[in-house]
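For reference, the structure is listed below as structure tokens.
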Amino acid sequence: MSFLVKTTNCHHLSSTAMAMCSSFCPHLPNHLGGRPAYLFPTKPLSFSFKAFSSQASNASSKDELQTRVGFLGLGIMGSPMAQNLIKSGCDVTVWNRTKSKCDPLISLGAKYKPSPEEVAASCDVTFAMLADPESAVDVALGKHGAANGMSSGKGYVDVSTVDGATSKLISGHIKSTGASFLEAPVSGSKKPAEDGQLIFLTAGDKSLYEIAAPLLDVMGKSRFYLGDVGNGAAMKLVVNMIMGSMMASFSEGLLLTEKIGLDPKVLVEVVSQGAISAPMYSVKGPSMIQSLYPTAFPLKHQQKDLRLALGLAESVSQSTPIAAAANELYKVAKSHGLSDEDFSAVIEALKPKLQQ
């Protein structure tokens with residue numbers, strides 16, 4: 001039995017079907033393995049996913065070759081994303097600066113290489129999920145960086161949140177090797193990453209987008225192709241700018257509600273049922289009321305994204321006073337040692353003890 005997933009289709013297989021698959025990851029015709037220059041076709045391609053059976057595993061088609069997937073960066077987001085690829089049957093090779101973070105994935109069946117260069121050299125498509133532009137550049141272009149292992153027929157998919165200039169810099173170096181490049185920053189935090197419910201905002205080589213689509217569908221619930229490199233990065237910064245401003249305003253509302261003698265728990269309930277309802281409020285609100293901030297999206301990353309978004313706005317002379325004010329609040333929270341807490345900890349910056 002075979003499951004066919006077209007690259008233009010964003011639907012997921014059911015969890016039961018995924019559990020049945022011994023090799024859910026996309027397979028490429030065997031002749032492509034010998035001619036890597038044609039790994040990324042110009043036309044949409046369908047992939048066959050073989051359902052598990054003893055006969056199917058013993059009679060694997062000789063004209064198919066499993067796509068080798070690399071994953072660089074195994075932090076809060078990267079680790080669950082890579083796990084979903086492994087659990088779906090993909091042939092995954094991992095790397096992280098701190099090797100101990102690779103160990104849980106190796107125990108699930110992942111391979112390990114000691115440098116981004118070696119991961120890229122051994123894989124067909126390499127994903128990178130890094131914390132900031134500096135890390136993204138270093139891992140892609142630094143000594144023993146991924147670019148050194150890229151060549152014609154390979155693909156590099158950067159799912160980090162960076163500015164457009166950084167994305168274009170990495171793209172230029174990757175494409176100079178003959179490889180393809182796709183930026184694909186994600187909307188979503190730790191829980192959506194664990195559940196395979198991320199939203200990918202992609203831009204770059206359309207042929208690589210079509211090849212990577214089934215892999216993106218394992219890790220996410222939807223994907224958008226936005227054209228030229230830089231557009232995905234820009235869209236992600238706009239989304240996170242809005243999110244950071246929303247959280248700052250929500251924090252003010254919770255504290256004001258409590259100070260005037262009302263129950264902030266009721267505020268969360270009221271907001272969740274109205275026109276301004278957002279999952280973020282109902283998920284984060286109860287913990288914020290208890291001054292608990294389990295990290296799903298670090299505050300330092302939210303502030304970084306606001307800084308980059310403000311730079312983007314400045315580059316096109318767009319006024320963003322609300323985001324600018326929110327950015328200052330996150331900077332105060334960072335200065336009080338809250339960088340590694342969840343971004344909802346920005347509420348602490350509004351409390352009298354931090355304002356003194």
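Ordered as shown in the structure tokens, chains take letters A, B, and onward, while each chain numbers its residues from 1 and ligands are numbered from 1 in the order shown.
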Problem - Residues near region 148-160 of chain A, cut-off 7 Å, only C-alpha atoms, skip fewer than 5 positions along chain, as a list in words - result: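 Close residues of region 148-160 of chain A: Pro36, Ala37, Tyr38, Leu39, Phe40, Glu117, Glu118, Ala120, Ala121, Asp124, Val125, Thr126, Phe127, Ala128, Met129, Leu130, Ala131, Ile174, Thr177, Gly178, Ala179, Ser180, Phe181, Leu182, Glu183, Ala184, Pro185, Val186 and Leu208 of chain A.
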What does the file look like for those residues with C-alpha atoms, as a tab-separated table (two decimals), in the first residue's frame?
chain	number	residue	atom	x	y	z
A	36	PRO	CA	22.52	15.15	-7.74
A	37	ALA	CA	22.28	18.10	-10.11
A	38	TYR	CA	18.71	17.01	-10.86
A	39	LEU	CA	17.62	16.54	-7.27
A	40	PHE	CA	15.31	19.54	-7.46
A	117	GLU	CA	29.71	21.01	6.96
A	118	GLU	CA	29.65	17.24	7.43
A	120	ALA	CA	25.31	19.14	4.71
A	121	ALA	CA	27.77	16.97	2.78
A	124	ASP	CA	20.13	15.97	0.40
A	125	VAL	CA	18.17	18.64	2.30
A	126	THR	CA	19.53	20.38	5.40
A	127	PHE	CA	17.37	22.38	7.83
A	128	ALA	CA	18.79	24.99	10.21
A	129	MET	CA	17.01	26.39	13.29
A	130	LEU	CA	19.28	28.90	15.01
A	131	ALA	CA	18.66	31.48	17.71
A	174	ILE	CA	24.64	28.66	-0.57
A	177	THR	CA	27.94	26.30	-4.44
A	178	GLY	CA	25.29	25.24	-6.94
A	179	ALA	CA	22.85	24.27	-4.17
A	180	SER	CA	19.32	25.61	-3.65
A	181	PHE	CA	18.15	27.85	-0.80
A	182	LEU	CA	14.81	28.34	0.93
A	183	GLU	CA	14.08	30.53	3.92
A	184	ALA	CA	11.22	29.15	5.99
A	185	PRO	CA	10.87	30.90	9.37
A	186	VAL	CA	8.10	29.48	11.52
A	208	LEU	CA	13.32	23.38	-3.29
Practice task
Give the alpha helix (DSSP H) residues of region 112-217 of chain A, as DSSP finds them on the backbone, and put them as a PyMOL selection string.
Solution key: chain A and resi 116-122+133-141+164-176+190-195+206-217
Mind checking which residues fall within 7 Å of Ser187 (chain A), counting only C-alpha atoms, ignoring those fewer than 3 positions away in the same chain, and posting them as a short mmCIF file (atom, residue, chain, number, x, y, z; two decimals) with N, CA, C and O atoms, in the first residue's frame?
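Result written to selection-v7.cif:
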data_model
loop_
_atom_site.label_atom_id
_atom_site.label_comp_id
_atom_site.auth_asym_id
_atom_site.auth_seq_id
_atom_site.Cartn_x
_atom_site.Cartn_y
_atom_site.Cartn_z
N LEU A 198 3.23 23.90 13.29
CA LEU A 198 3.87 25.16 12.94
C LEU A 198 3.34 25.72 11.62
O LEU A 198 2.74 24.99 10.83
N ILE A 199 3.56 27.00 11.40
CA ILE A 199 3.21 27.66 10.14
C ILE A 199 4.53 28.11 9.51
O ILE A 199 5.30 28.85 10.13
N PHE A 200 4.80 27.68 8.28
CA PHE A 200 6.05 28.02 7.61
C PHE A 200 5.82 29.17 6.63
O PHE A 200 4.91 29.12 5.81
N LYS A 236 7.71 37.10 8.86
CA LYS A 236 7.87 36.59 10.22
C LYS A 236 8.12 37.72 11.21
O LYS A 236 7.59 37.73 12.33
#
Handout entry: From A:Thr257, A:Ser319, A:Ser189, A:Ser344, residue lying nearest Gly285 (chain A) [only C-alpha atoms]
Key =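 The shortest atom-to-atom distance to Gly285 (chain A) comes from A:Ser344.
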Practice task
Considering only C-alpha atoms, state which residue in the set A:Lys191, A:Lys331, A:Lys259, A:Lys353 is at the smallest distance from Asp305 (chain A).
Solution key: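 For Asp305 (chain A), the nearest of the given residues is A:Lys331.
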Handout entry: Contact residues around Lys168 (chain A) with only C-alpha atoms at 12 Å, ignoring same-chain residues under 6 positions, as a PyMOL selection string
Key = chain A and resi 133+136-137+158+162+174-175+181-183+203-204+228-234
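Taking CA of Ala147 (chain A) as the reference point, CA of Arg223 (chain A) is found at 25.2 Å.
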Practice task
May I have the residues within 6 Å of Gly70 (chain A) as an MDAnalysis selection string, using only C-alpha atoms and disregarding those fewer than 2 positions away in the same chain?
Solution key: chainID A and resid 92:94 119 123 126:127
Preceding selection exported with C-alpha atoms as a PDB file, in the first residue's frame:
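Written out: part17.pdb:
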ATOM      1  CA  VAL A  92      17.882  12.320   9.803  1.00  0.00           C
ATOM      2  CA  THR A  93      21.418  13.471  10.639  1.00  0.00           C
ATOM      3  CA  VAL A  94      21.767  16.064  13.419  1.00  0.00           C
ATOM      4  CA  VAL A 119      25.878  17.193   7.926  1.00  0.00           C
ATOM      5  CA  CYS A 123      22.394  14.992   3.287  1.00  0.00           C
ATOM      6  CA  THR A 126      19.534  20.375   5.405  1.00  0.00           C
ATOM      7  CA  PHE A 127      17.367  22.383   7.825  1.00  0.00           C
TER       8      PHE A 127
END
Problem - Gap from CA of Leu312 (chain A) to CA of Ala146 (chain A) - Å, one decimal - result: 27.0 Å
